[in-house]
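So this one's start.txt, compact mmCIF, C-alpha atoms:
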# COMPACT_ATOMS: atom_id res chain seq x y z
CA MET A 1 13.89 22.11 -6.09
CA THR A 2 10.81 23.77 -7.52
CA PHE A 3 7.57 21.94 -8.08
CA GLU A 4 4.37 23.08 -9.73
CA VAL A 5 0.80 21.98 -10.19
CA GLY A 6 0.43 19.69 -13.21
CA GLN A 7 3.90 18.17 -12.89
CA SER A 8 3.64 14.45 -13.47
CA ALA A 9 5.51 11.15 -13.64
CA GLN A 10 4.56 7.63 -14.64
CA VAL A 11 5.80 4.09 -14.72
CA THR A 12 4.55 0.99 -16.55
CA LYS A 13 4.95 -2.50 -15.18
CA ARG A 14 3.64 -6.03 -15.43
CA PHE A 15 3.33 -8.12 -12.25
CA ASP A 16 3.87 -11.80 -12.95
CA GLN A 17 3.00 -14.72 -10.68
CA GLN A 18 6.49 -14.68 -9.18
CA ALA A 19 6.20 -11.02 -8.13
CA VAL A 20 2.77 -11.71 -6.64
CA GLY A 21 4.23 -14.68 -4.75
CA GLN A 22 7.03 -12.52 -3.33
CA PHE A 23 4.55 -9.91 -2.20
CA ALA A 24 2.41 -12.63 -0.57
CA GLU A 25 5.43 -13.56 1.56
CA LEU A 26 6.23 -9.95 2.45
CA SER A 27 2.65 -9.02 3.33
CA GLU A 28 1.67 -12.44 4.70
CA ASP A 29 -1.33 -12.24 2.40
CA PHE A 30 -1.68 -15.77 1.07
CA ASN A 31 -5.28 -15.34 -0.09
CA PRO A 32 -5.57 -17.92 -2.89
CA VAL A 33 -7.30 -15.43 -5.18
CA HIS A 34 -3.78 -14.07 -5.73
CA LEU A 35 -1.90 -17.34 -5.87
CA ASP A 36 -4.04 -20.26 -6.99
CA GLU A 37 -5.34 -20.14 -10.56
CA GLU A 38 -7.76 -23.04 -10.00
CA TYR A 39 -9.29 -21.37 -6.96
CA ALA A 40 -9.37 -17.93 -8.58
CA LYS A 41 -11.17 -19.28 -11.66
CA ASN A 42 -14.18 -20.05 -9.50
CA THR A 43 -14.37 -16.61 -7.91
CA GLN A 44 -16.11 -13.57 -9.36
CA PHE A 45 -12.73 -12.51 -10.77
CA GLY A 46 -12.26 -15.56 -12.96
CA GLY A 47 -8.48 -15.57 -12.57
CA THR A 48 -5.65 -14.64 -10.22
CA ILE A 49 -5.44 -10.97 -9.35
CA VAL A 50 -2.55 -8.84 -8.11
CA HIS A 51 -2.79 -7.61 -4.49
CA GLY A 52 -4.20 -4.06 -4.57
CA MET A 53 -1.43 -2.91 -2.27
CA LEU A 54 1.23 -4.28 -4.63
CA VAL A 55 -0.35 -2.42 -7.54
CA SER A 56 -0.45 0.71 -5.36
CA SER A 57 3.20 0.34 -4.42
CA LEU A 58 4.06 1.78 -7.83
CA ILE A 59 2.54 5.06 -6.66
CA SER A 60 4.84 5.07 -3.65
CA GLY A 61 7.77 4.29 -5.94
CA LEU A 62 7.00 7.24 -8.21
CA LEU A 63 6.58 9.68 -5.33
CA GLY A 64 9.68 8.62 -3.45
CA TYR A 65 12.01 7.95 -6.31
CA LYS A 66 10.88 9.93 -9.38
CA MET A 67 8.55 12.84 -8.67
CA PRO A 68 8.86 14.67 -6.31
CA GLY A 69 11.67 12.12 -5.70
CA GLN A 70 14.41 11.74 -3.12
CA GLY A 71 13.74 13.65 0.08
CA THR A 72 9.96 13.49 -0.31
CA ILE A 73 8.18 12.56 2.89
CA TYR A 74 5.05 10.52 2.40
CA LEU A 75 2.37 11.81 4.77
CA GLY A 76 -0.74 10.05 3.56
CA GLN A 77 -2.47 8.12 0.82
CA ASN A 78 -6.09 7.40 -0.04
CA LEU A 79 -6.71 4.41 -2.27
CA SER A 80 -9.89 3.34 -3.97
CA PHE A 81 -9.69 -0.10 -5.59
CA LYS A 82 -11.95 0.27 -8.63
CA ARG A 83 -11.14 -2.79 -10.72
CA PRO A 84 -9.00 -5.88 -10.36
CA VAL A 85 -5.57 -6.06 -11.95
CA TYR A 86 -4.98 -9.58 -13.25
CA VAL A 87 -1.63 -11.29 -12.94
CA GLY A 88 0.24 -10.47 -16.15
CA ASP A 89 -1.71 -7.26 -16.86
CA GLN A 90 0.35 -4.26 -17.88
CA VAL A 91 -0.41 -1.35 -15.59
CA THR A 92 0.68 2.26 -15.63
CA ALA A 93 0.85 4.33 -12.46
CA ILE A 94 0.59 8.10 -12.88
CA VAL A 95 1.14 10.77 -10.24
CA THR A 96 0.29 14.43 -10.89
CA ILE A 97 0.69 17.36 -8.51
CA ALA A 98 -2.81 18.74 -7.94
CA HIS A 99 -2.18 21.38 -5.28
CA ILE A 100 0.67 22.94 -3.33
CA ARG A 101 -0.04 24.78 -0.10
CA ASP A 102 0.95 28.42 0.15
CA ASP A 103 2.08 28.23 3.74
CA LYS A 104 4.01 24.95 3.70
CA PRO A 105 5.79 22.78 1.09
CA ILE A 106 2.99 20.23 1.25
CA ALA A 107 1.50 18.92 -1.99
CA THR A 108 -1.62 16.96 -2.80
CA VAL A 109 -0.88 14.54 -5.62
CA LYS A 110 -3.48 12.80 -7.77
CA THR A 111 -2.53 9.11 -7.98
CA GLN A 112 -3.93 6.59 -10.43
CA VAL A 113 -3.11 3.18 -11.78
CA VAL A 114 -4.65 2.24 -15.13
CA ASP A 115 -4.56 -1.09 -16.94
CA GLN A 116 -3.61 -1.82 -20.56
CA HIS A 117 -7.19 -0.97 -21.63
CA GLY A 118 -6.93 2.48 -20.08
CA LYS A 119 -9.37 1.60 -17.28
CA VAL A 120 -8.67 3.05 -13.85
CA CYS A 121 -7.92 0.23 -11.40
CA VAL A 122 -6.68 2.28 -8.44
CA ASP A 123 -7.69 5.87 -7.88
CA GLY A 124 -6.65 8.15 -5.07
CA GLU A 125 -4.68 11.01 -3.67
CA ALA A 126 -1.41 11.32 -1.81
CA VAL A 127 -0.20 14.05 0.52
CA VAL A 128 3.56 14.62 0.59
CA LEU A 129 6.06 16.99 2.14
CA LEU A 130 8.15 18.21 -0.79
CA PRO A 131 11.94 17.93 -0.72
CA LYS A 132 13.95 21.13 -0.17
CA MET B 1 -20.05 -15.92 7.85
CA THR B 2 -21.14 -13.45 10.50
CA PHE B 3 -19.12 -10.42 11.41
CA GLU B 4 -19.62 -7.86 14.12
CA VAL B 5 -18.31 -4.51 15.23
CA GLY B 6 -15.26 -4.91 17.47
CA GLN B 7 -14.02 -8.08 15.79
CA SER B 8 -10.27 -7.82 15.39
CA ALA B 9 -7.13 -9.52 14.10
CA GLN B 10 -3.45 -8.74 14.32
CA VAL B 11 -0.07 -9.81 13.07
CA THR B 12 3.46 -9.00 14.24
CA LYS B 13 6.43 -8.85 11.90
CA ARG B 14 9.95 -7.52 11.51
CA PHE B 15 11.06 -6.26 8.09
CA ASP B 16 14.77 -6.82 7.58
CA GLN B 17 16.98 -5.24 4.92
CA GLN B 18 16.39 -8.17 2.58
CA ALA B 19 12.59 -7.75 2.70
CA VAL B 20 12.97 -4.03 2.09
CA GLY B 21 15.25 -4.78 -0.87
CA GLN B 22 12.67 -7.15 -2.35
CA PHE B 23 9.94 -4.56 -1.97
CA ALA B 24 12.18 -1.95 -3.64
CA GLU B 25 12.37 -4.22 -6.70
CA LEU B 26 8.62 -4.88 -6.73
CA SER B 27 7.63 -1.24 -6.30
CA GLU B 28 10.58 0.21 -8.22
CA ASP B 29 11.14 2.46 -5.23
CA PHE B 30 14.92 2.56 -4.89
CA ASN B 31 14.95 5.67 -2.72
CA PRO B 32 18.24 5.29 -0.76
CA VAL B 33 16.53 6.20 2.52
CA HIS B 34 15.24 2.61 2.42
CA LEU B 35 18.36 0.92 1.13
CA ASP B 36 21.55 2.77 1.93
CA GLU B 37 22.47 3.03 5.62
CA GLU B 38 25.20 5.62 4.99
CA TYR B 39 22.83 7.88 3.06
CA ALA B 40 19.96 7.35 5.54
CA LYS B 41 22.18 8.28 8.50
CA ASN B 42 22.44 11.79 7.12
CA THR B 43 18.70 12.28 6.65
CA GLN B 44 16.25 13.43 9.32
CA PHE B 45 15.49 9.76 9.98
CA GLY B 46 19.02 8.83 11.01
CA GLY B 47 18.77 5.30 9.58
CA THR B 48 17.11 3.19 6.91
CA ILE B 49 13.34 3.08 7.07
CA VAL B 50 10.83 0.57 5.72
CA HIS B 51 8.66 1.74 2.80
CA GLY B 52 5.33 2.94 4.25
CA MET B 53 3.48 0.87 1.69
CA LEU B 54 5.35 -2.28 2.74
CA VAL B 55 4.42 -1.65 6.37
CA SER B 56 0.82 -1.09 5.26
CA SER B 57 0.78 -4.30 3.26
CA LEU B 58 0.31 -6.13 6.58
CA ILE B 59 -3.12 -4.49 6.82
CA SER B 60 -4.04 -5.86 3.43
CA GLY B 61 -2.77 -9.27 4.50
CA LEU B 62 -4.94 -9.29 7.61
CA LEU B 63 -8.07 -8.19 5.76
CA GLY B 64 -7.70 -10.59 2.87
CA TYR B 65 -6.33 -13.60 4.67
CA LYS B 66 -7.34 -13.44 8.36
CA MET B 67 -10.26 -11.14 9.15
CA PRO B 68 -12.69 -10.86 7.40
CA GLY B 69 -10.49 -13.28 5.36
CA GLN B 70 -10.95 -15.18 2.11
CA GLY B 71 -13.63 -13.73 -0.11
CA THR B 72 -13.24 -10.20 1.25
CA ILE B 73 -13.17 -7.55 -1.46
CA TYR B 74 -10.94 -4.61 -0.70
CA LEU B 75 -12.75 -1.45 -1.77
CA GLY B 76 -10.60 1.28 -0.31
CA GLN B 77 -7.92 2.27 2.18
CA ASN B 78 -6.85 5.55 3.78
CA LEU B 79 -3.34 5.63 5.16
CA SER B 80 -1.72 8.25 7.33
CA PHE B 81 2.03 7.76 7.79
CA LYS B 82 2.59 9.07 11.32
CA ARG B 83 6.08 7.85 12.18
CA PRO B 84 8.86 6.02 10.39
CA VAL B 85 9.35 2.29 10.85
CA TYR B 86 13.07 1.49 10.92
CA VAL B 87 14.50 -1.56 9.23
CA GLY B 88 14.52 -4.28 11.89
CA ASP B 89 11.71 -2.74 13.98
CA GLN B 90 9.04 -5.12 15.18
CA VAL B 91 5.64 -3.87 14.09
CA THR B 92 2.14 -5.07 14.83
CA ALA B 93 -0.73 -4.46 12.42
CA ILE B 94 -4.22 -4.47 13.93
CA VAL B 95 -7.55 -4.38 12.10
CA THR B 96 -10.84 -3.91 13.94
CA ILE B 97 -14.34 -3.76 12.44
CA ALA B 98 -15.68 -0.30 13.26
CA HIS B 99 -18.98 -0.27 11.38
CA ILE B 100 -21.11 -2.53 9.22
CA ARG B 101 -23.76 -1.02 6.96
CA ASP B 102 -27.36 -2.05 7.46
CA ASP B 103 -28.22 -2.11 3.77
CA LYS B 104 -25.13 -3.86 2.37
CA PRO B 105 -22.40 -6.19 3.69
CA ILE B 106 -19.88 -3.36 3.62
CA ALA B 107 -17.66 -2.77 6.64
CA THR B 108 -15.43 0.08 7.72
CA VAL B 109 -12.35 -1.31 9.44
CA LYS B 110 -9.98 0.64 11.67
CA THR B 111 -6.45 -0.17 10.56
CA GLN B 112 -3.29 0.62 12.51
CA VAL B 113 0.34 -0.41 12.58
CA VAL B 114 2.23 0.18 15.84
CA ASP B 115 5.93 -0.28 16.56
CA GLN B 116 7.60 -2.15 19.43
CA HIS B 117 7.22 0.96 21.63
CA GLY B 118 3.45 1.00 21.08
CA LYS B 119 3.64 4.14 18.93
CA VAL B 120 1.25 4.36 16.00
CA CYS B 121 3.26 4.43 12.75
CA VAL B 122 0.42 3.98 10.24
CA ASP B 123 -3.15 4.96 11.01
CA GLY B 124 -6.15 4.64 8.76
CA GLU B 125 -9.36 3.02 7.72
CA ALA B 126 -10.30 0.38 5.18
CA VAL B 127 -13.62 -0.24 3.46
CA VAL B 128 -14.33 -3.85 2.51
CA LEU B 129 -17.13 -5.92 1.05
CA LEU B 130 -17.58 -8.80 3.51
CA PRO B 131 -17.47 -12.41 2.32
CA LYS B 132 -20.77 -14.29 2.14
As a first step, turn the structure in this file into structure tokens.
Amino acid sequence: MTFEVGQSAQVTKRFDQQAVGQFAELSEDFNPVHLDEEYAKNTQFGGTIVHGMLVSSLISGLLGYKMPGQGTIYLGQNLSFKRPVYVGDQVTAIVTIAHIRDDKPIATVKTQVVDQHGKVCVDGEAVVLLPK
Amino acid sequence: MTFEVGQSAQVTKRFDQQAVGQFAELSEDFNPVHLDEEYAKNTQFGGTIVHGMLVSSLISGLLGYKMPGQGTIYLGQNLSFKRPVYVGDQVTAIVTIAHIRDDKPIATVKTQVVDQHGKVCVDGEAVVLLPK
């Protein structure tokens, strides 16, 4: 397969309270800011928010399943959690190849998740070994 | 609450094929290396592996729910995927406060996930705003 700088993929998804509950079980992160609307109302967020790592999992999904896709080896990921994603928000994850090394099939990929207002919620960069 | 450098928490967990399947749905990462034993056998891994982001979710769980715990705000996370975690492996995630800023209640936390052989599978660092 051939890959080039600028190549991109995206996915849009809404995480509902059930999805957040499932992720709480998987991650053992039962922080009530994700699960308890009454509790979350009285925090600075004002409502239940999706786990940042669940939001970011869409990036992993794009890299491993869409672009570069099957055979990609995930080497690293930097994540900066810029804004909360509220339960029920519609988010779009976007991955774009930013750089490919000359000596090895290793790419740096710009990775972002934006909400329905176009605001960046998760910003970062992945490093992947490209599939053959 | 008071926090200090060296403070630590850990959790041990085994991700079975069902958990990996659930995470595939949540993340929309249906890469067969995570789901299809026959396919995975013929990859360099030789068997199904847990999504790196699912393994790393244990770090998020520790930070948000155990140490520093409720009220922590997750600002950022660097992840380096060093070795695969196989479905059924027993992994231990460990978070340790490495630095606390003098001017703000912001901590850098060393974050690692090791497998049952003591090998580091995920290495990295989180930045969090400590709870009041």
Worksheet entry | Between CA of Asp103 in chain A and CA of Leu75 in chain A - distance in Å to one decimal | 16.5 Å
Output the coordinates of chain A after least-squares fitting to chain B on all in-order C-alpha pairs, as a PDB file with C-alpha atoms, in the frame of the given file.
ATOM      1  CA  MET A   1     -20.071 -15.935   7.865  1.00  0.00           C
ATOM      2  CA  THR A   2     -21.149 -13.443  10.495  1.00  0.00           C
ATOM      3  CA  PHE A   3     -19.112 -10.412  11.403  1.00  0.00           C
ATOM      4  CA  GLU A   4     -19.625  -7.845  14.125  1.00  0.00           C
ATOM      5  CA  VAL A   5     -18.304  -4.500  15.234  1.00  0.00           C
ATOM      6  CA  GLY A   6     -15.254  -4.887  17.482  1.00  0.00           C
ATOM      7  CA  GLN A   7     -14.017  -8.067  15.803  1.00  0.00           C
ATOM      8  CA  SER A   8     -10.275  -7.824  15.380  1.00  0.00           C
ATOM      9  CA  ALA A   9      -7.132  -9.530  14.104  1.00  0.00           C
ATOM     10  CA  GLN A  10      -3.439  -8.750  14.313  1.00  0.00           C
ATOM     11  CA  VAL A  11      -0.066  -9.816  13.063  1.00  0.00           C
ATOM     12  CA  THR A  12       3.465  -8.996  14.235  1.00  0.00           C
ATOM     13  CA  LYS A  13       6.421  -8.856  11.898  1.00  0.00           C
ATOM     14  CA  ARG A  14       9.930  -7.522  11.514  1.00  0.00           C
ATOM     15  CA  PHE A  15      11.067  -6.256   8.096  1.00  0.00           C
ATOM     16  CA  ASP A  16      14.773  -6.817   7.572  1.00  0.00           C
ATOM     17  CA  GLN A  17      16.981  -5.232   4.917  1.00  0.00           C
ATOM     18  CA  GLN A  18      16.392  -8.168   2.579  1.00  0.00           C
ATOM     19  CA  ALA A  19      12.598  -7.750   2.707  1.00  0.00           C
ATOM     20  CA  VAL A  20      12.980  -4.016   2.097  1.00  0.00           C
ATOM     21  CA  GLY A  21      15.251  -4.770  -0.869  1.00  0.00           C
ATOM     22  CA  GLN A  22      12.676  -7.154  -2.355  1.00  0.00           C
ATOM     23  CA  PHE A  23       9.953  -4.568  -1.983  1.00  0.00           C
ATOM     24  CA  ALA A  24      12.195  -1.949  -3.642  1.00  0.00           C
ATOM     25  CA  GLU A  25      12.381  -4.220  -6.697  1.00  0.00           C
ATOM     26  CA  LEU A  26       8.637  -4.890  -6.739  1.00  0.00           C
ATOM     27  CA  SER A  27       7.639  -1.248  -6.297  1.00  0.00           C
ATOM     28  CA  GLU A  28      10.581   0.214  -8.232  1.00  0.00           C
ATOM     29  CA  ASP A  29      11.142   2.448  -5.228  1.00  0.00           C
ATOM     30  CA  PHE A  30      14.914   2.561  -4.885  1.00  0.00           C
ATOM     31  CA  ASN A  31      14.962   5.677  -2.699  1.00  0.00           C
ATOM     32  CA  PRO A  32      18.226   5.286  -0.757  1.00  0.00           C
ATOM     33  CA  VAL A  33      16.537   6.209   2.519  1.00  0.00           C
ATOM     34  CA  HIS A  34      15.247   2.622   2.425  1.00  0.00           C
ATOM     35  CA  LEU A  35      18.353   0.913   1.127  1.00  0.00           C
ATOM     36  CA  ASP A  36      21.549   2.778   1.943  1.00  0.00           C
ATOM     37  CA  GLU A  37      22.474   3.031   5.621  1.00  0.00           C
ATOM     38  CA  GLU A  38      25.196   5.629   4.975  1.00  0.00           C
ATOM     39  CA  TYR A  39      22.810   7.872   3.065  1.00  0.00           C
ATOM     40  CA  ALA A  40      19.959   7.357   5.530  1.00  0.00           C
ATOM     41  CA  LYS A  41      22.179   8.287   8.489  1.00  0.00           C
ATOM     42  CA  ASN A  42      22.436  11.807   7.124  1.00  0.00           C
ATOM     43  CA  THR A  43      18.700  12.288   6.667  1.00  0.00           C
ATOM     44  CA  GLN A  44      16.251  13.431   9.325  1.00  0.00           C
ATOM     45  CA  PHE A  45      15.493   9.752   9.977  1.00  0.00           C
ATOM     46  CA  GLY A  46      19.010   8.819  11.017  1.00  0.00           C
ATOM     47  CA  GLY A  47      18.765   5.299   9.607  1.00  0.00           C
ATOM     48  CA  THR A  48      17.111   3.196   6.917  1.00  0.00           C
ATOM     49  CA  ILE A  49      13.339   3.084   7.074  1.00  0.00           C
ATOM     50  CA  VAL A  50      10.838   0.565   5.720  1.00  0.00           C
ATOM     51  CA  HIS A  51       8.663   1.748   2.797  1.00  0.00           C
ATOM     52  CA  GLY A  52       5.332   2.933   4.245  1.00  0.00           C
ATOM     53  CA  MET A  53       3.483   0.864   1.678  1.00  0.00           C
ATOM     54  CA  LEU A  54       5.350  -2.287   2.732  1.00  0.00           C
ATOM     55  CA  VAL A  55       4.432  -1.654   6.362  1.00  0.00           C
ATOM     56  CA  SER A  56       0.826  -1.083   5.251  1.00  0.00           C
ATOM     57  CA  SER A  57       0.780  -4.311   3.271  1.00  0.00           C
ATOM     58  CA  LEU A  58       0.309  -6.141   6.568  1.00  0.00           C
ATOM     59  CA  ILE A  59      -3.105  -4.493   6.821  1.00  0.00           C
ATOM     60  CA  SER A  60      -4.038  -5.867   3.416  1.00  0.00           C
ATOM     61  CA  GLY A  61      -2.768  -9.282   4.494  1.00  0.00           C
ATOM     62  CA  LEU A  62      -4.941  -9.294   7.612  1.00  0.00           C
ATOM     63  CA  LEU A  63      -8.066  -8.193   5.755  1.00  0.00           C
ATOM     64  CA  GLY A  64      -7.689 -10.604   2.871  1.00  0.00           C
ATOM     65  CA  TYR A  65      -6.343 -13.606   4.670  1.00  0.00           C
ATOM     66  CA  LYS A  66      -7.350 -13.454   8.356  1.00  0.00           C
ATOM     67  CA  MET A  67     -10.250 -11.141   9.155  1.00  0.00           C
ATOM     68  CA  PRO A  68     -12.673 -10.860   7.405  1.00  0.00           C
ATOM     69  CA  GLY A  69     -10.503 -13.283   5.358  1.00  0.00           C
ATOM     70  CA  GLN A  70     -10.959 -15.182   2.118  1.00  0.00           C
ATOM     71  CA  GLY A  71     -13.654 -13.731  -0.111  1.00  0.00           C
ATOM     72  CA  THR A  72     -13.246 -10.204   1.253  1.00  0.00           C
ATOM     73  CA  ILE A  73     -13.171  -7.570  -1.455  1.00  0.00           C
ATOM     74  CA  TYR A  74     -10.955  -4.617  -0.700  1.00  0.00           C
ATOM     75  CA  LEU A  75     -12.747  -1.441  -1.779  1.00  0.00           C
ATOM     76  CA  GLY A  76     -10.601   1.282  -0.290  1.00  0.00           C
ATOM     77  CA  GLN A  77      -7.922   2.263   2.177  1.00  0.00           C
ATOM     78  CA  ASN A  78      -6.852   5.529   3.774  1.00  0.00           C
ATOM     79  CA  LEU A  79      -3.340   5.630   5.170  1.00  0.00           C
ATOM     80  CA  SER A  80      -1.718   8.256   7.320  1.00  0.00           C
ATOM     81  CA  PHE A  81       2.026   7.757   7.803  1.00  0.00           C
ATOM     82  CA  LYS A  82       2.600   9.068  11.329  1.00  0.00           C
ATOM     83  CA  ARG A  83       6.086   7.838  12.180  1.00  0.00           C
ATOM     84  CA  PRO A  84       8.870   6.011  10.400  1.00  0.00           C
ATOM     85  CA  VAL A  85       9.351   2.285  10.861  1.00  0.00           C
ATOM     86  CA  TYR A  86      13.067   1.504  10.919  1.00  0.00           C
ATOM     87  CA  VAL A  87      14.493  -1.555   9.230  1.00  0.00           C
ATOM     88  CA  GLY A  88      14.523  -4.274  11.892  1.00  0.00           C
ATOM     89  CA  ASP A  89      11.714  -2.732  13.974  1.00  0.00           C
ATOM     90  CA  GLN A  90       9.037  -5.116  15.171  1.00  0.00           C
ATOM     91  CA  VAL A  91       5.638  -3.872  14.081  1.00  0.00           C
ATOM     92  CA  THR A  92       2.141  -5.078  14.814  1.00  0.00           C
ATOM     93  CA  ALA A  93      -0.731  -4.448  12.424  1.00  0.00           C
ATOM     94  CA  ILE A  94      -4.224  -4.471  13.926  1.00  0.00           C
ATOM     95  CA  VAL A  95      -7.541  -4.377  12.083  1.00  0.00           C
ATOM     96  CA  THR A  96     -10.841  -3.893  13.930  1.00  0.00           C
ATOM     97  CA  ILE A  97     -14.329  -3.738  12.441  1.00  0.00           C
ATOM     98  CA  ALA A  98     -15.677  -0.277  13.270  1.00  0.00           C
ATOM     99  CA  HIS A  99     -18.973  -0.254  11.378  1.00  0.00           C
ATOM    100  CA  ILE A 100     -21.121  -2.514   9.225  1.00  0.00           C
ATOM    101  CA  ARG A 101     -23.756  -1.013   6.960  1.00  0.00           C
ATOM    102  CA  ASP A 102     -27.358  -2.044   7.463  1.00  0.00           C
ATOM    103  CA  ASP A 103     -28.214  -2.126   3.794  1.00  0.00           C
ATOM    104  CA  LYS A 104     -25.129  -3.854   2.387  1.00  0.00           C
ATOM    105  CA  PRO A 105     -22.391  -6.197   3.693  1.00  0.00           C
ATOM    106  CA  ILE A 106     -19.879  -3.359   3.618  1.00  0.00           C
ATOM    107  CA  ALA A 107     -17.665  -2.773   6.649  1.00  0.00           C
ATOM    108  CA  THR A 108     -15.439   0.079   7.718  1.00  0.00           C
ATOM    109  CA  VAL A 109     -12.362  -1.313   9.437  1.00  0.00           C
ATOM    110  CA  LYS A 110      -9.995   0.658  11.655  1.00  0.00           C
ATOM    111  CA  THR A 111      -6.431  -0.159  10.563  1.00  0.00           C
ATOM    112  CA  GLN A 112      -3.279   0.610  12.508  1.00  0.00           C
ATOM    113  CA  VAL A 113       0.337  -0.411  12.579  1.00  0.00           C
ATOM    114  CA  VAL A 114       2.228   0.178  15.828  1.00  0.00           C
ATOM    115  CA  ASP A 115       5.923  -0.273  16.547  1.00  0.00           C
ATOM    116  CA  GLN A 116       7.590  -2.158  19.411  1.00  0.00           C
ATOM    117  CA  HIS A 117       7.209   0.947  21.625  1.00  0.00           C
ATOM    118  CA  GLY A 118       3.458   0.984  21.081  1.00  0.00           C
ATOM    119  CA  LYS A 119       3.621   4.139  18.939  1.00  0.00           C
ATOM    120  CA  VAL A 120       1.251   4.358  15.991  1.00  0.00           C
ATOM    121  CA  CYS A 121       3.250   4.434  12.748  1.00  0.00           C
ATOM    122  CA  VAL A 122       0.414   3.979  10.248  1.00  0.00           C
ATOM    123  CA  ASP A 123      -3.149   4.955  11.007  1.00  0.00           C
ATOM    124  CA  GLY A 124      -6.157   4.642   8.764  1.00  0.00           C
ATOM    125  CA  GLU A 125      -9.367   3.021   7.721  1.00  0.00           C
ATOM    126  CA  ALA A 126     -10.306   0.384   5.188  1.00  0.00           C
ATOM    127  CA  VAL A 127     -13.620  -0.244   3.464  1.00  0.00           C
ATOM    128  CA  VAL A 128     -14.332  -3.858   2.514  1.00  0.00           C
ATOM    129  CA  LEU A 129     -17.134  -5.926   1.050  1.00  0.00           C
ATOM    130  CA  LEU A 130     -17.574  -8.794   3.503  1.00  0.00           C
ATOM    131  CA  PRO A 131     -17.471 -12.402   2.309  1.00  0.00           C
ATOM    132  CA  LYS A 132     -20.774 -14.311   2.131  1.00  0.00           C
TER     133      LYS A 132
END
Practice prompt. For range 27-32 of chain B, work out the shell of residues within 9 Å, counting all atoms listed in the file and skipping chain neighbours fewer than 4 positions away, then give it as a VMD selection string.
Written response: (chain A and resid 11 54 to 66 69 to 71) or (chain B and resid 21 to 23 36 to 37 39 to 40 48 51)
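Take the candidates A:Gln77, A:Leu129, A:Met67, A:Lys13 and check each one against Val114 in chain A using all atoms listed in the file; the shortest distance goes to A:Lys13.
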Discussion item. Quick check, in Å to one decimal: how far apart do CA of Gln18 in chain B and CA of His117 in chain B lie?
Written reply: 23.0 Å
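What separates CA of Ile106 in chain A from CA of Gln10 in chain A is a distance of 20.3 Å.
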Fill in: Selection as a ChimeraX atom specification: residues within 7 Å of (-11.8, -5.2, -2.3), counting only C-alpha atoms
/A:81 /B:72-76,128-129
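Closest to chain B among A:Val85, A:Cys121, A:Leu79, A:Val20 is A:Leu79, based on all atoms listed in the file.
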Fill in: Counting all atoms listed in the file, the residue of B:Lys132, B:Lys82, B:Lys41, B:His99 that sits nearest chain A
B:Lys82
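The set of protein, DNA and RNA residues with any counted atom at most 9 Å from (12.9, -3.8, 17.0) (all atoms listed in the file) reads Arg14, Tyr86, Val87, Gly88, Asp89, Gln90, Val91, Asp115, Gln116 and His117 of chain B.
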